[in-house]
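Structure data (CSV, C-alpha atoms and all ligand atoms) from work.csv:
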```
chain,number,residue,atom,x,y,z
A,26,MET,CA,75.7,94.7,118.5
A,27,HIS,CA,78.0,93.7,115.6
A,28,VAL,CA,77.2,95.2,112.2
A,29,VAL,CA,77.4,91.6,110.8
A,30,THR,CA,74.5,89.4,112.0
A,31,ARG,CA,75.1,86.7,109.3
A,32,PRO,CA,78.8,85.9,109.2
A,33,THR,CA,80.4,84.5,106.1
A,34,PRO,CA,80.1,80.7,106.2
A,35,PRO,CA,83.3,78.7,106.6
A,36,PHE,CA,85.4,78.3,103.4
A,37,SER,CA,88.5,76.3,102.4
A,38,SER,CA,92.0,77.2,101.3
A,39,ARG,CA,92.9,76.1,97.8
A,40,SER,CA,94.3,72.7,98.8
A,41,GLY,CA,91.4,72.0,101.1
A,42,ARG,CA,93.8,71.4,104.0
A,43,LEU,CA,92.7,74.5,105.9
A,44,THR,CA,89.2,75.9,106.6
A,45,VAL,CA,88.6,79.5,107.6
A,46,HIS,CA,85.8,80.4,110.0
A,47,GLN,CA,84.7,84.0,110.6
A,48,VAL,CA,83.9,85.1,114.2
A,49,PRO,CA,82.6,88.7,114.4
A,50,MET,CA,83.5,90.5,117.6
A,51,TRP,CA,82.7,93.9,119.2
A,52,GLN,CA,81.1,96.2,116.7
A,53,ASP,CA,82.9,95.5,113.4
A,54,ASN,CA,86.0,93.4,114.1
A,55,LEU,CA,86.3,90.2,111.9
A,56,VAL,CA,88.3,87.5,113.7
A,57,TRP,CA,89.4,84.6,111.5
A,58,LEU,CA,89.9,81.1,112.8
A,59,LEU,CA,92.3,79.1,110.6
A,60,VAL,CA,91.5,75.5,111.1
A,61,ASP,CA,93.7,72.4,110.4
A,62,ASN,CA,91.1,70.0,109.0
A,63,GLU,CA,93.0,66.9,110.2
A,64,THR,CA,93.6,67.8,113.8
A,65,LYS,CA,90.8,70.4,114.3
A,66,GLU,CA,93.4,72.8,115.8
A,67,ALA,CA,92.4,76.5,115.3
A,68,ALA,CA,94.6,79.6,115.0
A,69,ALA,CA,92.8,82.9,115.7
A,70,VAL,CA,94.1,85.7,113.6
A,71,ASP,CA,94.0,88.7,116.0
A,72,GLY,CA,91.0,89.5,118.2
A,73,PRO,CA,89.8,92.0,120.7
A,74,GLU,CA,89.0,89.3,123.3
A,75,ALA,CA,89.1,85.5,123.6
A,76,GLY,CA,85.6,84.6,124.8
A,77,PRO,CA,83.7,84.5,121.5
A,78,ALA,CA,86.6,82.5,119.8
A,79,LEU,CA,86.7,80.0,122.7
A,80,ASP,CA,82.9,79.6,122.7
A,81,TYR,CA,82.9,79.2,118.9
A,82,CYS,CA,85.5,76.4,119.2
A,83,VAL,CA,83.6,74.6,121.9
A,84,ALA,CA,80.4,74.7,119.8
A,85,THR,CA,82.1,73.4,116.7
A,86,GLY,CA,84.6,70.9,118.1
A,87,LEU,CA,87.7,72.9,117.5
A,88,HIS,CA,90.7,73.5,119.8
A,89,LEU,CA,92.2,77.0,119.9
A,90,THR,CA,95.9,76.4,120.1
A,91,THR,CA,97.4,79.3,118.3
A,92,VAL,CA,97.1,83.1,117.9
A,93,ILE,CA,98.5,84.8,114.9
A,94,ASN,CA,98.9,88.6,115.4
A,95,THR,CA,99.2,91.2,112.6
A,96,HIS,CA,99.7,94.3,114.8
A,97,THR,CA,99.5,95.7,118.3
A,98,HIS,CA,96.3,97.7,118.4
A,99,GLY,CA,94.2,96.6,121.4
A,100,ASP,CA,91.4,95.2,119.2
A,101,HIS,CA,94.0,92.8,117.7
A,102,VAL,CA,96.1,91.7,120.7
A,103,GLY,CA,93.3,91.9,123.2
A,104,ILE,CA,92.8,88.2,122.7
A,105,ASN,CA,96.4,87.5,123.9
A,106,ALA,CA,95.9,89.5,127.1
A,107,ASP,CA,92.5,87.8,127.6
A,108,LEU,CA,94.0,84.4,127.3
A,109,GLY,CA,96.6,85.5,129.8
A,110,ARG,CA,93.9,86.5,132.3
A,111,ARG,CA,92.3,83.1,131.8
A,112,GLY,CA,95.7,81.3,132.5
A,113,GLN,CA,95.7,79.9,128.9
A,114,LEU,CA,98.4,82.1,127.2
A,115,ASP,CA,101.3,79.9,128.3
A,116,ASP,CA,99.8,76.9,126.5
A,117,THR,CA,99.0,79.0,123.4
A,118,ARG,CA,101.4,79.3,120.4
A,119,VAL,CA,101.7,83.0,119.6
A,120,ILE,CA,103.1,84.2,116.3
A,121,GLY,CA,103.6,88.0,115.8
A,122,SER,CA,105.9,90.7,114.5
A,123,ARG,CA,109.5,90.7,115.7
A,124,ARG,CA,109.5,94.5,115.2
A,125,ALA,CA,106.7,94.9,117.7
A,126,MET,CA,107.2,91.9,119.9
A,127,ALA,CA,107.3,93.9,123.2
A,128,ASP,CA,103.7,94.6,122.6
A,129,VAL,CA,102.5,91.1,121.6
A,130,PRO,CA,101.7,89.4,124.8
A,131,GLY,CA,102.9,85.8,125.0
A,132,ILE,CA,104.8,85.9,121.7
A,133,ASP,CA,106.7,82.6,121.0
A,134,GLU,CA,107.5,83.0,117.3
A,135,PRO,CA,108.6,86.5,116.3
A,136,VAL,CA,108.5,86.8,112.5
A,137,ASP,CA,109.6,89.3,109.9
A,138,ASP,CA,109.3,89.9,106.2
A,139,GLY,CA,109.9,86.8,104.2
A,140,ASP,CA,109.7,84.4,107.1
A,141,VAL,CA,107.7,81.2,106.8
A,142,VAL,CA,105.3,80.0,109.5
A,143,THR,CA,103.7,76.6,109.4
A,144,PHE,CA,100.1,75.8,110.6
A,145,GLY,CA,98.2,72.6,109.8
A,146,GLY,CA,101.1,71.4,107.7
A,147,VAL,CA,100.7,74.5,105.4
A,148,GLU,CA,103.4,77.0,105.0
A,149,GLY,CA,102.4,80.6,105.4
A,150,ARG,CA,104.5,83.5,104.1
A,151,VAL,CA,105.0,86.6,106.3
A,152,MET,CA,104.9,90.0,104.6
A,153,LEU,CA,106.0,93.2,106.4
A,154,THR,CA,103.1,95.6,105.6
A,155,GLU,CA,103.7,98.8,107.5
A,156,GLY,CA,101.9,102.1,107.2
A,157,HIS,CA,99.0,101.6,109.5
A,158,LEU,CA,101.3,100.8,112.4
A,159,ASP,CA,105.1,100.1,112.6
A,160,GLY,CA,105.8,96.4,112.6
A,161,HIS,CA,102.4,95.5,111.0
A,162,VAL,CA,102.7,92.1,109.3
A,163,SER,CA,100.4,90.1,107.0
A,164,TYR,CA,100.3,86.4,106.4
A,165,VAL,CA,99.6,84.4,103.2
A,166,PHE,CA,98.6,80.8,103.5
A,167,GLU,CA,98.0,79.3,100.0
A,168,ASP,CA,95.3,81.6,98.6
A,169,LEU,CA,94.3,83.2,101.9
A,170,LEU,CA,95.6,86.6,102.9
A,171,PHE,CA,95.3,87.9,106.5
A,172,CYS,CA,96.2,91.5,106.2
A,173,GLY,CA,94.9,93.0,109.5
A,174,ASP,CA,94.3,96.8,109.1
A,175,THR,CA,96.5,97.3,106.0
A,176,LEU,CA,94.2,96.4,103.0
A,177,PHE,CA,90.5,96.6,103.6
A,178,ALA,CA,87.7,95.6,101.2
A,179,ALA,CA,87.6,98.7,99.0
A,180,GLY,CA,89.8,100.7,101.4
A,181,CYS,CA,92.9,100.7,103.5
A,182,GLY,CA,93.8,101.4,107.2
A,183,TYR,CA,94.5,104.7,108.8
A,184,LEU,CA,98.1,105.9,108.6
A,185,PHE,CA,98.8,106.0,112.4
A,186,ASP,CA,102.5,105.5,112.0
A,187,GLY,CA,102.7,106.1,108.2
A,188,PRO,CA,104.3,107.6,106.3
A,189,PRO,CA,102.0,107.3,103.2
A,190,SER,CA,104.9,106.0,101.1
A,191,LYS,CA,105.2,102.9,103.4
A,192,MET,CA,101.5,102.2,103.2
A,193,HIS,CA,101.6,102.6,99.4
A,194,ASP,CA,104.5,100.2,99.2
A,195,SER,CA,102.7,97.7,101.4
A,196,LEU,CA,99.5,97.9,99.3
A,197,THR,CA,101.4,97.6,96.1
A,198,ARG,CA,102.9,94.4,97.2
A,199,LEU,CA,99.6,93.0,98.4
A,200,ALA,CA,98.0,93.9,95.1
A,201,ALA,CA,100.6,91.9,93.3
A,202,LEU,CA,99.4,88.6,95.0
A,203,ASP,CA,97.6,86.1,92.9
A,204,PRO,CA,94.2,87.6,91.7
A,205,ASP,CA,92.3,84.7,93.3
A,206,THR,CA,93.8,85.4,96.7
A,207,GLN,CA,91.0,85.8,99.3
A,208,VAL,CA,91.4,89.0,101.3
A,209,CYS,CA,90.6,88.3,104.9
A,210,CYS,CA,90.8,91.8,106.5
A,211,ALA,CA,90.0,92.6,110.1
A,212,HIS,CA,86.9,94.9,109.9
A,213,GLU,CA,83.6,95.2,108.1
A,214,TYR,CA,84.1,98.8,106.8
A,215,THR,CA,83.1,98.1,103.2
A,216,GLN,CA,80.1,100.4,102.7
A,217,ASP,CA,81.9,103.4,104.1
A,218,ASN,CA,84.9,102.5,101.8
A,219,LEU,CA,82.7,102.1,98.8
A,220,ARG,CA,80.9,105.4,99.4
A,221,PHE,CA,84.3,107.1,99.3
A,222,ALA,CA,85.4,105.1,96.3
A,223,TRP,CA,82.4,106.3,94.4
A,224,SER,CA,83.2,109.9,95.2
A,225,ILE,CA,86.4,109.7,93.2
A,226,ASP,CA,85.8,106.9,90.8
A,227,PRO,CA,82.2,107.1,89.6
A,228,ASP,CA,83.0,106.1,86.0
A,229,ASN,CA,84.2,102.7,87.0
A,230,PRO,CA,81.5,100.0,86.1
A,231,ALA,CA,83.2,97.4,88.3
A,232,LEU,CA,82.8,99.7,91.2
A,233,ALA,CA,79.1,100.3,90.5
A,234,ASP,CA,78.6,96.5,90.4
A,235,ARG,CA,80.5,96.0,93.6
A,236,ILE,CA,78.4,98.7,95.4
A,237,LYS,CA,75.2,96.9,94.3
A,238,ARG,CA,76.5,93.6,95.6
A,239,ALA,CA,77.7,95.0,98.9
A,240,TRP,CA,74.5,96.9,99.6
A,241,ALA,CA,72.5,93.8,98.9
A,242,ILE,CA,74.7,91.7,101.3
A,243,ARG,CA,74.7,94.3,104.0
A,244,ALA,CA,70.9,94.8,103.8
A,245,GLU,CA,70.6,91.2,105.0
A,246,GLY,CA,73.2,91.6,107.8
A,247,GLY,CA,75.8,89.7,105.8
A,248,CYS,CA,79.5,90.2,105.6
A,249,THR,CA,81.3,91.5,102.4
A,250,VAL,CA,84.6,89.9,103.5
A,251,PRO,CA,86.5,88.1,102.2
A,252,SER,CA,87.0,89.8,98.9
A,253,THR,CA,89.6,88.9,96.3
A,254,ILE,CA,92.8,90.6,95.1
A,255,ALA,CA,91.1,90.8,91.7
A,256,ASP,CA,88.1,92.7,93.3
A,257,GLU,CA,90.5,95.1,95.0
A,258,ARG,CA,92.5,95.8,91.9
A,259,ALA,CA,89.4,96.6,90.0
A,260,THR,CA,87.6,98.8,92.6
A,261,ASN,CA,89.8,99.8,95.5
A,262,PRO,CA,90.7,103.5,95.0
A,263,PHE,CA,94.0,103.0,97.0
A,264,LEU,CA,95.2,100.5,94.4
A,265,ARG,CA,94.0,102.4,91.3
A,266,HIS,CA,96.5,105.3,91.2
A,267,HIS,CA,97.3,104.2,87.6
A,268,ASP,CA,93.8,105.0,86.4
A,269,PRO,CA,93.7,108.3,84.5
A,270,ALA,CA,90.2,109.3,85.5
A,271,LEU,CA,90.8,108.6,89.2
A,272,ARG,CA,94.1,110.4,89.0
A,273,SER,CA,92.6,113.5,87.5
A,274,ARG,CA,89.8,113.6,90.1
A,275,VAL,CA,92.3,113.3,93.0
A,276,GLN,CA,94.5,115.9,91.4
A,277,ALA,CA,91.6,118.3,91.0
A,278,ALA,CA,91.0,118.2,94.7
A,279,PHE,CA,94.5,119.4,95.4
A,280,PRO,CA,95.0,122.1,92.8
A,281,ASP,CA,98.0,123.6,94.6
A,282,ARG,CA,100.0,120.3,94.7
A,283,GLU,CA,101.6,118.5,91.8
A,284,LEU,CA,100.8,114.8,92.3
A,285,ALA,CA,103.6,113.4,90.2
A,286,THR,CA,104.1,109.8,91.5
A,287,ALA,CA,101.8,106.9,92.3
A,288,ALA,CA,102.8,107.4,96.0
A,289,ASP,CA,101.7,111.1,95.7
A,290,ILE,CA,98.3,110.0,94.3
A,291,PHE,CA,98.0,107.5,97.1
A,292,ALA,CA,98.8,110.0,99.8
A,293,ALA,CA,96.3,112.5,98.4
A,294,THR,CA,93.6,109.8,98.1
A,295,ARG,CA,94.1,108.9,101.8
A,296,ALA,CA,94.0,112.5,102.8
A,297,LEU,CA,90.7,113.0,100.9
A,298,LYS,CA,89.2,110.0,102.6
A,299,ASP,CA,90.3,111.3,106.0
A,300,HIS,CA,88.5,114.6,105.3
A,301,LYS,CA,85.2,112.6,105.2
A,302,ALA,CA,83.4,115.0,102.8
A,303,TYR,CA,82.2,111.9,100.9
A,304,ARG,CA,80.0,111.0,103.8
A,305,SER,CA,77.4,113.5,102.5
A,306,ILE,CA,76.8,111.2,99.5
A,307,THR,CA,73.5,109.5,100.3
A,308,ASP,CA,72.5,106.0,99.4
A,309,ASP,CA,70.1,107.2,96.6
A,310,GLN,CA,73.1,108.9,94.9
A,311,LEU,CA,74.8,105.5,94.7
A,312,PRO,CA,74.2,102.8,92.1
A,313,THR,CA,72.4,100.6,94.5
B,1,ZN,ZN,94.8,98.7,113.8
```
Let me see the structure of the file written as structure tokens.
Ligand SMILES: [Zn+2]
Amino acid sequence: MHVVTRPTPPFSSRSGRLTVHQVPMWQDNLVWLLVDNETKEAAAVDGPEAGPALDYCVATGLHLTTVINTHTHGDHVGINADLGRRGQLDDTRVIGSRRAMADVPGIDEPVDDGDVVTFGGVEGRVMLTEGHLDGHVSYVFEDLLFCGDTLFAAGCGYLFDGPPSKMHDSLTRLAALDPDTQVCCAHEYTQDNLRFAWSIDPDNPALADRIKRAWAIRAEGGCTVPSTIADERATNPFLRHHDPALRSRVQAAFPDRELATAADIFAATRALKDHKAYRSITDDQLPT
């Protein structure tokens, strides 16, 4: 069963030309349907499979015409393969990373950093955001960011391909987007991410406030995504390497290493999270 039982209700892009619907799949994947309000065409951003997206479209009068892929993990391109098995991939417009196109089934529009893709008459900007996986791309349509497994609510993706400096660079560029940008990431991992954040940033009042909000939402089976770039800048430990208190806590965990640069702090922060010691922090030790 999915951890989210009450998905985020549909919401609009800044101009109102696009609506975003959230379709939870598998245990914690968040699949986004970007909908052209005029034609009712829908673009699925990633997905482990096609069935729930197709069912959702039938139930709501939408037509799934497009798949937009961020990266090539199975729970993101599974939807492409599934559409192929159903004989529907040839009729589907597939947008994905040029650098990983051999692993994006049915790709029609290979894209790279700085490219523009158009959906529903709205131009979206492509950003190369590597670090989780080589060739990972993110998409910005107006005030909507689809960032796959790069930036998560209060966290970031595992560094499968890395290196840390690439992920740090990707996150720094995402953090520079407009503060109102809605962060549509691909998993509901927020409570785990916030538990870690609290372990190294407990003097941050914005973080305490976010933890309270997130626990209240999740207690009802709700979804904490999307967040905003402003939320992430204020509370995401992987974007807060400039903060002196956080820096000194991370440095204290690695007494034998001099963490001189922002990228060093990022790499050490990611290593600390991977160690998972923070998971011993219980809910009653959090500001919930
Ligand atoms: Zn992934």
Would you kindly return, as a CSV table (one decimal) with C-alpha atoms, in the coordinates of the input, each protein, DNA or RNA residue with an atom no farther than 9 Å from any atom of Val162 of chain A, considering only C-alpha atoms and excluding same-chain residues fewer than 4 positions away?
```csv
chain,number,residue,atom,x,y,z
A,94,ASN,CA,98.9,88.6,115.4
A,95,THR,CA,99.2,91.2,112.6
A,96,HIS,CA,99.7,94.3,114.8
A,121,GLY,CA,103.6,88.0,115.8
A,122,SER,CA,105.9,90.7,114.5
A,136,VAL,CA,108.5,86.8,112.5
A,137,ASP,CA,109.6,89.3,109.9
A,138,ASP,CA,109.3,89.9,106.2
A,151,VAL,CA,105.0,86.6,106.3
A,152,MET,CA,104.9,90.0,104.6
A,153,LEU,CA,106.0,93.2,106.4
A,154,THR,CA,103.1,95.6,105.6
A,155,GLU,CA,103.7,98.8,107.5
A,171,PHE,CA,95.3,87.9,106.5
A,172,CYS,CA,96.2,91.5,106.2
A,173,GLY,CA,94.9,93.0,109.5
A,175,THR,CA,96.5,97.3,106.0
```
For chain A versus ligand ZN 1 (chain B), which residues have an atom no more than 9 Å away, and what is each residue's nearest atom pair and distance in Å rounded to one decimal, using all atoms listed in the file, chain-then-number order, as CSV?
```
residue,atom,partner,partner_atom,distance
A:Thr95,CA,B:ZN1,ZN,8.8
A:His96,CA,B:ZN1,ZN,6.7
A:Thr97,CA,B:ZN1,ZN,7.2
A:His98,CA,B:ZN1,ZN,4.9
A:Gly99,CA,B:ZN1,ZN,7.9
A:Asp100,CA,B:ZN1,ZN,7.3
A:His101,CA,B:ZN1,ZN,7.1
A:His157,CA,B:ZN1,ZN,6.7
A:Leu158,CA,B:ZN1,ZN,7.0
A:His161,CA,B:ZN1,ZN,8.7
A:Gly173,CA,B:ZN1,ZN,7.1
A:Asp174,CA,B:ZN1,ZN,5.1
A:Thr175,CA,B:ZN1,ZN,8.1
A:Gly182,CA,B:ZN1,ZN,7.2
A:Tyr183,CA,B:ZN1,ZN,7.8
A:Phe185,CA,B:ZN1,ZN,8.4
A:Ala211,CA,B:ZN1,ZN,8.6
```
>> Every residue with an atom at most 9 Å from (107.5, 86.2, 121.6) (file coordinates; all atoms listed in the file) is what I'm after, so could you write them as number ranges by chain?
In response: A: 119-123, 126-127, 129-135
>> With 10 Å as the threshold, what does the neighbourhood of (94.4, 112.2, 99.9) contain in terms of residues, counting only C-alpha atoms? Coordinates are those of the file; answer as a VMD selection string.
In response: chain A and resid 189 263 275 to 276 278 to 279 289 to 300
With segment 218-235 of chain A as the partner and 9 Å as the cut-off, tabulate the residues of segment 89-203 of chain A that qualify, each row holding the nearest pair of atoms and their distance in Å to one decimal, using only C-alpha atoms, sorted by chain and rising number, as a tab-separated table.
```
residue	atom	partner	partner_atom	distance
A:Phe177	CA	A:Asn218	CA	8.3
A:Ala178	CA	A:Asn218	CA	7.5
A:Ala179	CA	A:Asn218	CA	5.4
A:Gly180	CA	A:Asn218	CA	5.2
A:Cys181	CA	A:Asn218	CA	8.4
```
Write out the residues from the selection above, keeping C-alpha atoms, as a compact mmCIF listing (two decimals), keeping the file's coordinate frame.
```txt
# COMPACT_ATOMS: atom_id res chain seq x y z
CA PHE A 177 90.50 96.60 103.60
CA ALA A 178 87.70 95.60 101.20
CA ALA A 179 87.60 98.70 99.00
CA GLY A 180 89.80 100.70 101.40
CA CYS A 181 92.90 100.70 103.50
```
> Skipping near chain neighbours, those fewer than 3 positions away, what residues fall within 10 Å of Pro35 of chain A using all atoms listed in the file, listed as a ChimeraX atom specification?
Replying inline: /A:32,44-48,57-60
> From the set A:Arg111, A:Gly103, A:Arg118, A:Asp53, which residue has the shortest atom-to-atom contact distance to Thr91 of chain A, counting all atoms listed in the file?
Replying inline: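 Closest to Thr91 of chain A of all the choices is A:Arg118.
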> Separation of atom CA of Asp159 of chain A and atom CA of Asp107 of chain A, in Å?
Replying inline: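 Going from atom CA of Asp159 of chain A over to atom CA of Asp107 of chain A covers 23.1 Å.
Here atom CA of Glu63 of chain A is placed at a distance of 15.3 Å from atom CA of Phe36 of chain A.
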>> Just to confirm, what's the straight-line distance from atom CA of Ala288 of chain A to atom CA of Pro251 of chain A in Å (one decimal)?
In response: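 Calculated distance between atom CA of Ala288 of chain A and atom CA of Pro251 of chain A is 26.0 Å.
Proximity to Met192 of chain A was assessed for A:Tyr164, A:Gly145, A:Ala244, A:Leu264 counting all atoms listed in the file; the smallest distance is recorded for A:Leu264.
Of the residues listed (A:Asn261, A:Asn105, A:Thr64, A:Gln216), A:Gln216 shows the shortest atom-to-atom separation from Val28 of chain A; distances use only C-alpha atoms.
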>> So that I can see what lies close to Asp309 of chain A, please list as a PyMOL selection string the residues with an atom at most 12 Å from it, counting only C-alpha atoms and leaving out residues fewer than 3 positions away in the same chain.
In response: chain A and resi 220+236-237+240+305-306+312-313
>> Set the distance at 12 Å and use all atoms listed in the file: which residues neighbour Thr85 of chain A once local chain neighbours fewer than 2 positions away are removed? I'd like the list as a list in words.
In response: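 My list of contacting residues is Pro35, His46, Leu58, Val60, Lys65, Glu66, Ala67, Ala78, Leu79, Asp80, Tyr81, Cys82, Val83, Leu87, His88 and Leu89 of chain A.
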> Which one is closest to Glu257 of chain A: A:Ser273, A:Thr197, A:Thr307, A:Asn54? Count only C-alpha atoms.
Replying inline: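 Between A:Ser273, A:Thr197, A:Thr307, A:Asn54, the residue approaching Glu257 of chain A most closely is A:Thr197.
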For Asp203 of chain A, work out the shell of residues within 12 Å, counting all atoms listed in the file and skipping chain neighbours fewer than 2 positions away, then give it as a PDB file with C-alpha atoms, in the coordinates of the input.
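File produced: around.pdb:
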```
ATOM      1  CA  VAL A 165      99.600  84.400 103.200  1.00  0.00           C
ATOM      2  CA  PHE A 166      98.600  80.800 103.500  1.00  0.00           C
ATOM      3  CA  GLU A 167      98.000  79.300 100.000  1.00  0.00           C
ATOM      4  CA  ASP A 168      95.300  81.600  98.600  1.00  0.00           C
ATOM      5  CA  LEU A 169      94.300  83.200 101.900  1.00  0.00           C
ATOM      6  CA  LEU A 170      95.600  86.600 102.900  1.00  0.00           C
ATOM      7  CA  ARG A 198     102.900  94.400  97.200  1.00  0.00           C
ATOM      8  CA  LEU A 199      99.600  93.000  98.400  1.00  0.00           C
ATOM      9  CA  ALA A 200      98.000  93.900  95.100  1.00  0.00           C
ATOM     10  CA  ALA A 201     100.600  91.900  93.300  1.00  0.00           C
ATOM     11  CA  ASP A 205      92.300  84.700  93.300  1.00  0.00           C
ATOM     12  CA  THR A 206      93.800  85.400  96.700  1.00  0.00           C
ATOM     13  CA  GLN A 207      91.000  85.800  99.300  1.00  0.00           C
ATOM     14  CA  VAL A 208      91.400  89.000 101.300  1.00  0.00           C
ATOM     15  CA  THR A 253      89.600  88.900  96.300  1.00  0.00           C
ATOM     16  CA  ILE A 254      92.800  90.600  95.100  1.00  0.00           C
ATOM     17  CA  ALA A 255      91.100  90.800  91.700  1.00  0.00           C
ATOM     18  CA  ASP A 256      88.100  92.700  93.300  1.00  0.00           C
ATOM     19  CA  GLU A 257      90.500  95.100  95.000  1.00  0.00           C
ATOM     20  CA  ARG A 258      92.500  95.800  91.900  1.00  0.00           C
TER      21      ARG A 258
END
```
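Closest approach to Gly112 of chain A from the set A:Gly156, A:His27, A:Ala75, A:Arg238 is made by A:Ala75, with distances taken over only C-alpha atoms.
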